[in-house]
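Dropping work33.pdb in here (PDB, C-alpha atoms):
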```pdb
ATOM      1  CA  ALA A  11       7.966  27.679 -21.539  1.00  0.00           C
ATOM      2  CA  ALA A  12       9.941  25.584 -24.012  1.00  0.00           C
ATOM      3  CA  ARG A  13      11.829  23.963 -21.155  1.00  0.00           C
ATOM      4  CA  THR A  14       8.579  23.120 -19.378  1.00  0.00           C
ATOM      5  CA  ARG A  15       7.038  21.591 -22.493  1.00  0.00           C
ATOM      6  CA  ALA A  16      10.162  19.583 -23.275  1.00  0.00           C
ATOM      7  CA  GLY A  17      10.374  18.226 -19.738  1.00  0.00           C
ATOM      8  CA  SER A  18       6.688  17.436 -19.351  1.00  0.00           C
ATOM      9  CA  ALA A  19       6.709  14.360 -21.589  1.00  0.00           C
ATOM     10  CA  ALA A  20       9.162  12.598 -19.305  1.00  0.00           C
ATOM     11  CA  ASP A  21       7.791  13.826 -15.966  1.00  0.00           C
ATOM     12  CA  GLY A  22       5.823  10.603 -15.349  1.00  0.00           C
ATOM     13  CA  ASP A  23       8.902   8.504 -16.032  1.00  0.00           C
ATOM     14  CA  VAL A  24      11.066  10.650 -13.766  1.00  0.00           C
ATOM     15  CA  GLY A  25       8.520  10.406 -10.947  1.00  0.00           C
ATOM     16  CA  LEU A  26       8.214   6.644 -11.327  1.00  0.00           C
ATOM     17  CA  ARG A  27      11.981   6.197 -11.359  1.00  0.00           C
ATOM     18  CA  ALA A  28      12.224   8.290  -8.195  1.00  0.00           C
ATOM     19  CA  ALA A  29       9.429   6.287  -6.533  1.00  0.00           C
ATOM     20  CA  ARG A  30      11.145   3.013  -7.403  1.00  0.00           C
ATOM     21  CA  ARG A  31      14.415   4.267  -5.920  1.00  0.00           C
ATOM     22  CA  ALA A  32      12.708   5.526  -2.752  1.00  0.00           C
ATOM     23  CA  LEU A  33      10.885   2.242  -2.130  1.00  0.00           C
ATOM     24  CA  LYS A  34      12.344   0.296   0.785  1.00  0.00           C
ATOM     25  CA  ALA A  35      11.431  -3.378   0.854  1.00  0.00           C
ATOM     26  CA  THR A  36      11.892  -5.630   3.864  1.00  0.00           C
ATOM     27  CA  ALA A  37      10.973  -9.226   3.056  1.00  0.00           C
ATOM     28  CA  ALA A  38      10.672 -12.293   5.222  1.00  0.00           C
ATOM     29  CA  GLU A  39      12.662 -15.287   3.998  1.00  0.00           C
ATOM     30  CA  SER A  40       9.457 -17.028   2.980  1.00  0.00           C
ATOM     31  CA  PHE A  41       8.069 -14.134   0.900  1.00  0.00           C
ATOM     32  CA  ALA A  42       7.013 -14.966  -2.650  1.00  0.00           C
ATOM     33  CA  PRO A  43       5.606 -12.391  -5.071  1.00  0.00           C
ATOM     34  CA  VAL A  44       1.830 -12.180  -5.258  1.00  0.00           C
ATOM     35  CA  THR A  45       0.809 -13.841  -8.518  1.00  0.00           C
ATOM     36  CA  GLU A  46      -2.944 -14.265  -8.006  1.00  0.00           C
ATOM     37  CA  PRO A  47      -5.398 -11.362  -7.583  1.00  0.00           C
ATOM     38  CA  PRO A  48      -5.123 -10.286  -3.925  1.00  0.00           C
ATOM     39  CA  TYR A  49      -7.431  -8.424  -1.596  1.00  0.00           C
ATOM     40  CA  VAL A  50      -6.175  -4.888  -0.969  1.00  0.00           C
ATOM     41  CA  ALA A  51      -7.272  -3.558   2.419  1.00  0.00           C
ATOM     42  CA  SER A  52      -6.731   0.166   2.819  1.00  0.00           C
ATOM     43  CA  PHE A  53      -6.717   1.291   6.428  1.00  0.00           C
ATOM     44  CA  THR A  54      -8.085   4.743   5.841  1.00  0.00           C
ATOM     45  CA  PRO A  55      -7.569   7.484   8.402  1.00  0.00           C
ATOM     46  CA  VAL A  56      -9.898  10.462   8.478  1.00  0.00           C
ATOM     47  CA  ALA A  57      -8.759  12.829   5.724  1.00  0.00           C
ATOM     48  CA  ASN A  58      -7.317  16.130   6.747  1.00  0.00           C
ATOM     49  CA  ILE A  59      -7.876  19.444   5.025  1.00  0.00           C
ATOM     50  CA  ALA A  60      -4.501  19.272   3.244  1.00  0.00           C
ATOM     51  CA  VAL A  61      -5.300  15.955   1.561  1.00  0.00           C
ATOM     52  CA  GLY A  62      -9.085  15.732   1.345  1.00  0.00           C
ATOM     53  CA  ASP A  63     -11.255  12.716   0.655  1.00  0.00           C
ATOM     54  CA  GLU A  64     -10.928  12.884  -3.123  1.00  0.00           C
ATOM     55  CA  THR A  65      -7.128  12.555  -3.277  1.00  0.00           C
ATOM     56  CA  PRO A  66      -6.341   9.044  -4.555  1.00  0.00           C
ATOM     57  CA  TRP A  67      -3.709   6.981  -2.756  1.00  0.00           C
ATOM     58  CA  GLY A  68      -2.832   3.339  -2.345  1.00  0.00           C
ATOM     59  CA  VAL A  69      -1.871   0.410  -4.537  1.00  0.00           C
ATOM     60  CA  ALA A  70      -5.261  -1.071  -5.494  1.00  0.00           C
ATOM     61  CA  ALA A  71      -5.568   0.523  -8.942  1.00  0.00           C
ATOM     62  CA  GLU A  72      -2.026  -0.440  -9.889  1.00  0.00           C
ATOM     63  CA  LEU A  73      -2.400  -4.004  -8.594  1.00  0.00           C
ATOM     64  CA  LEU A  74      -5.638  -4.311 -10.540  1.00  0.00           C
ATOM     65  CA  ARG A  75      -3.698  -3.319 -13.663  1.00  0.00           C
ATOM     66  CA  LEU A  76      -1.019  -5.942 -12.968  1.00  0.00           C
ATOM     67  CA  LEU A  77      -3.281  -8.632 -11.494  1.00  0.00           C
ATOM     68  CA  PRO A  78      -6.791  -8.338 -12.989  1.00  0.00           C
ATOM     69  CA  GLY A  79      -9.445  -9.459 -10.525  1.00  0.00           C
ATOM     70  CA  THR A  80      -7.830  -7.732  -7.536  1.00  0.00           C
ATOM     71  CA  GLN A  81     -10.482  -6.728  -5.006  1.00  0.00           C
ATOM     72  CA  THR A  82     -10.294  -3.881  -2.531  1.00  0.00           C
ATOM     73  CA  GLY A  83     -11.973  -2.292   0.455  1.00  0.00           C
ATOM     74  CA  GLY A  84     -11.455   0.598   2.839  1.00  0.00           C
ATOM     75  CA  PHE A  85     -11.465  -0.030   6.583  1.00  0.00           C
ATOM     76  CA  ALA A  86     -11.295   2.050   9.735  1.00  0.00           C
ATOM     77  CA  GLY A  87     -11.913   1.599  13.424  1.00  0.00           C
ATOM     78  CA  PRO A  88     -11.018  -0.831  16.159  1.00  0.00           C
ATOM     79  CA  ASP A  89     -12.487  -3.912  14.428  1.00  0.00           C
ATOM     80  CA  ALA A  90     -10.879  -3.213  11.031  1.00  0.00           C
ATOM     81  CA  GLY A  91      -8.519  -6.207  11.234  1.00  0.00           C
ATOM     82  CA  ASN A  92     -11.376  -8.695  11.674  1.00  0.00           C
ATOM     83  CA  GLN A  93     -13.397  -6.960   8.969  1.00  0.00           C
ATOM     84  CA  VAL A  94     -10.499  -7.382   6.528  1.00  0.00           C
ATOM     85  CA  LEU A  95     -10.152 -11.081   7.359  1.00  0.00           C
ATOM     86  CA  GLU A  96     -13.833 -11.604   6.651  1.00  0.00           C
ATOM     87  CA  ALA A  97     -13.817  -9.586   3.417  1.00  0.00           C
ATOM     88  CA  ALA A  98     -10.639 -11.146   2.003  1.00  0.00           C
ATOM     89  CA  GLY A  99     -11.635 -14.767   2.378  1.00  0.00           C
ATOM     90  CA  ALA A 100      -8.843 -16.982   1.045  1.00  0.00           C
ATOM     91  CA  ARG A 101      -7.226 -14.239  -1.049  1.00  0.00           C
ATOM     92  CA  ARG A 102      -3.739 -13.028  -0.210  1.00  0.00           C
ATOM     93  CA  ILE A 103      -3.992  -9.736   1.675  1.00  0.00           C
ATOM     94  CA  VAL A 104      -2.175  -6.512   0.911  1.00  0.00           C
ATOM     95  CA  ALA A 105      -2.680  -4.087   3.809  1.00  0.00           C
ATOM     96  CA  VAL A 106      -2.101  -0.433   2.955  1.00  0.00           C
ATOM     97  CA  VAL A 107      -1.533   1.988   5.813  1.00  0.00           C
ATOM     98  CA  ARG A 108      -0.798   5.692   6.023  1.00  0.00           C
ATOM     99  CA  ASP A 109       0.309   7.352   9.258  1.00  0.00           C
ATOM    100  CA  GLU A 110      -0.034   4.122  11.243  1.00  0.00           C
ATOM    101  CA  HIS A 111       2.021   5.686  14.038  1.00  0.00           C
ATOM    102  CA  ARG A 112      -0.670   8.358  14.517  1.00  0.00           C
ATOM    103  CA  HIS A 113      -3.665   6.009  14.724  1.00  0.00           C
ATOM    104  CA  PRO A 114      -3.728   3.377  17.504  1.00  0.00           C
ATOM    105  CA  TRP A 115      -6.746   1.653  15.890  1.00  0.00           C
ATOM    106  CA  MET A 116      -4.705   1.146  12.710  1.00  0.00           C
ATOM    107  CA  ALA A 117      -1.786  -0.465  14.528  1.00  0.00           C
ATOM    108  CA  ALA A 118      -4.185  -2.724  16.455  1.00  0.00           C
ATOM    109  CA  ALA A 119      -6.011  -3.733  13.265  1.00  0.00           C
ATOM    110  CA  LEU A 120      -2.724  -4.555  11.574  1.00  0.00           C
ATOM    111  CA  ASP A 121      -1.659  -6.614  14.621  1.00  0.00           C
ATOM    112  CA  THR A 122      -4.903  -8.618  14.387  1.00  0.00           C
ATOM    113  CA  LEU A 123      -4.475  -9.130  10.670  1.00  0.00           C
ATOM    114  CA  LEU A 124      -0.832 -10.218  10.846  1.00  0.00           C
ATOM    115  CA  LYS A 125      -1.498 -12.629  13.706  1.00  0.00           C
ATOM    116  CA  ALA A 126      -4.127 -14.442  11.629  1.00  0.00           C
ATOM    117  CA  ARG A 127      -2.438 -14.039   8.217  1.00  0.00           C
ATOM    118  CA  PRO A 128       1.368 -13.729   8.521  1.00  0.00           C
ATOM    119  CA  ASP A 129       1.673 -13.900   4.713  1.00  0.00           C
ATOM    120  CA  THR A 130       0.134 -10.409   4.503  1.00  0.00           C
ATOM    121  CA  VAL A 131       2.006  -7.750   2.550  1.00  0.00           C
ATOM    122  CA  VAL A 132       2.143  -4.388   4.351  1.00  0.00           C
ATOM    123  CA  VAL A 133       2.524  -1.180   2.359  1.00  0.00           C
ATOM    124  CA  GLU A 134       3.305   1.880   4.453  1.00  0.00           C
ATOM    125  CA  MET A 135       2.588   4.954   2.377  1.00  0.00           C
ATOM    126  CA  GLY A 136       3.743   8.411   3.279  1.00  0.00           C
ATOM    127  CA  VAL A 137       6.607   8.925   5.696  1.00  0.00           C
ATOM    128  CA  PRO A 138       7.502   5.561   7.262  1.00  0.00           C
ATOM    129  CA  GLN A 139       7.543   5.470  11.051  1.00  0.00           C
ATOM    130  CA  ALA A 140       6.588   1.916  12.023  1.00  0.00           C
ATOM    131  CA  ALA A 141       8.984  -1.004  12.232  1.00  0.00           C
ATOM    132  CA  PRO A 142       8.781  -3.318   9.214  1.00  0.00           C
ATOM    133  CA  ARG A 143       6.390  -6.239   9.587  1.00  0.00           C
ATOM    134  CA  GLY A 144       4.505  -8.685   7.419  1.00  0.00           C
ATOM    135  CA  ALA A 145       5.769 -11.140   4.807  1.00  0.00           C
ATOM    136  CA  LEU A 146       6.826  -8.094   2.808  1.00  0.00           C
ATOM    137  CA  HIS A 147       6.920  -4.568   4.188  1.00  0.00           C
ATOM    138  CA  LEU A 148       7.164  -1.738   1.671  1.00  0.00           C
ATOM    139  CA  ALA A 149       7.896   1.814   2.785  1.00  0.00           C
ATOM    140  CA  THR A 150       7.032   4.066  -0.145  1.00  0.00           C
ATOM    141  CA  HIS A 151       8.216   7.425   1.259  1.00  0.00           C
ATOM    142  CA  GLY A 152       5.227   9.111  -0.374  1.00  0.00           C
ATOM    143  CA  ALA A 153       1.600   8.584  -1.321  1.00  0.00           C
ATOM    144  CA  ALA A 154       1.540   9.770  -4.931  1.00  0.00           C
ATOM    145  CA  ARG A 155       0.235   7.523  -7.706  1.00  0.00           C
ATOM    146  CA  VAL A 156       3.790   6.652  -8.780  1.00  0.00           C
ATOM    147  CA  CYS A 157       4.543   5.444  -5.234  1.00  0.00           C
ATOM    148  CA  GLY A 158       1.565   3.081  -5.480  1.00  0.00           C
ATOM    149  CA  ARG A 159       2.763   1.863  -8.840  1.00  0.00           C
ATOM    150  CA  ALA A 160       6.290   1.184  -7.580  1.00  0.00           C
ATOM    151  CA  ALA A 161       4.862  -0.735  -4.617  1.00  0.00           C
ATOM    152  CA  ALA A 162       2.498  -2.752  -6.840  1.00  0.00           C
ATOM    153  CA  GLU A 163       5.415  -3.744  -9.071  1.00  0.00           C
ATOM    154  CA  ALA A 164       7.359  -4.991  -6.051  1.00  0.00           C
ATOM    155  CA  ILE A 165       4.356  -6.922  -4.719  1.00  0.00           C
ATOM    156  CA  ALA A 166       3.734  -8.654  -8.037  1.00  0.00           C
ATOM    157  CA  GLY A 167       7.419  -9.160  -8.840  1.00  0.00           C
ATOM    158  CA  ALA A 168       7.046  -7.117 -12.031  1.00  0.00           C
TER
END
```

Using structure tokens, write down the structure from this file.
Amino acid sequence: AARTRAGSAADGDVGLRAARRALKATAAESFAPVTEPPYVASFTPVANIAVGDETPWGVAAELLRLLPGTQTGGFAGPDAGNQVLEAAGARRIVAVVRDEHRHPWMAAALDTLLKARPDTVVVEMGVPQAAPRGALHLATHGAARVCGRAAAEAIAGA
């Protein structure tokens, strides 16, 4: 018990350090960190029984902490890319995907989005399977809160 109590104070730091190390960033030459509040578009697959709807994931909360005024929305379905473009307006877009390789609608929506807005940042949470694309592609290798925080830091250049 003493070992558990002693280690618990640093657990958040250990997890964040691990998430930062696991993060793989692939940036286009023209990529610049996001310095203004972006629009975070989460392409949300149907939750499975192992995860559930109430399990938080993504980068929106952490980007809001770093860039107050960040807006967000969840999108699904074949027209998700166009819906994101309409919702984001002129804001820089951060597209967050999970299991893109399992959902053809998600890949198509991301294609639509990147064609119209090549400056989009793509965050692939979970186990990365897709080829890197976007102005910045971040593969988090997980979907825990610390993975979202590590990704948000990379997006904002923090």

Answer as a PDB file with C-alpha atoms, in the frame of the given file, residues within 7 Å of (-0.9, -6.4, -0.6) using all atoms listed in the file:
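Output saved as result14.pdb:
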```pdb
ATOM      1  CA  PRO A  48      -5.123 -10.286  -3.925  1.00  0.00           C
ATOM      2  CA  TYR A  49      -7.431  -8.424  -1.596  1.00  0.00           C
ATOM      3  CA  VAL A  50      -6.175  -4.888  -0.969  1.00  0.00           C
ATOM      4  CA  ILE A 103      -3.992  -9.736   1.675  1.00  0.00           C
ATOM      5  CA  VAL A 104      -2.175  -6.512   0.911  1.00  0.00           C
ATOM      6  CA  ALA A 105      -2.680  -4.087   3.809  1.00  0.00           C
ATOM      7  CA  THR A 130       0.134 -10.409   4.503  1.00  0.00           C
ATOM      8  CA  VAL A 131       2.006  -7.750   2.550  1.00  0.00           C
ATOM      9  CA  VAL A 132       2.143  -4.388   4.351  1.00  0.00           C
ATOM     10  CA  VAL A 133       2.524  -1.180   2.359  1.00  0.00           C
ATOM     11  CA  ILE A 165       4.356  -6.922  -4.719  1.00  0.00           C
TER      12      ILE A 165
END
```

Quick check on the file I pasted: which residues fall under the PyMOL selection byres ((chain A and resi 77-91) around 7)? Write them as an MDAnalysis selection string. chainID A and resid 46:55 70 73:76 92:95 115 119:120 122:123

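Residues matching the PyMOL selection byres ((chain A and resi 149) around 10) in this structure come to Ala32, Leu33, Lys34, Ala35, Thr36, Val107, Val132, Val133, Glu134, Met135, Gly136, Val137, Pro138, Gln139, Ala140, Ala141, Pro142, Leu146, His147, Leu148, Thr150, His151, Gly152, Cys157 and Ala161 of chain A.
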
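The two atoms in question, CA of Pro114 in chain A and CA of Ala98 in chain A, are spaced 22.3 Å apart.
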
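Between CA of Ala153 in chain A and CA of Ala118 in chain A the interatomic distance comes to 21.8 Å.
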
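When CA of Pro43 in chain A is paired with CA of Ala100 in chain A, their separation reads 16.3 Å.
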
Evaluate the PyMOL selection byres ((chain A and resi 160) around 9) and report residues as a ChimeraX atom specification: /A:26-27,29-31,33,69,72,150,155-159,161-165
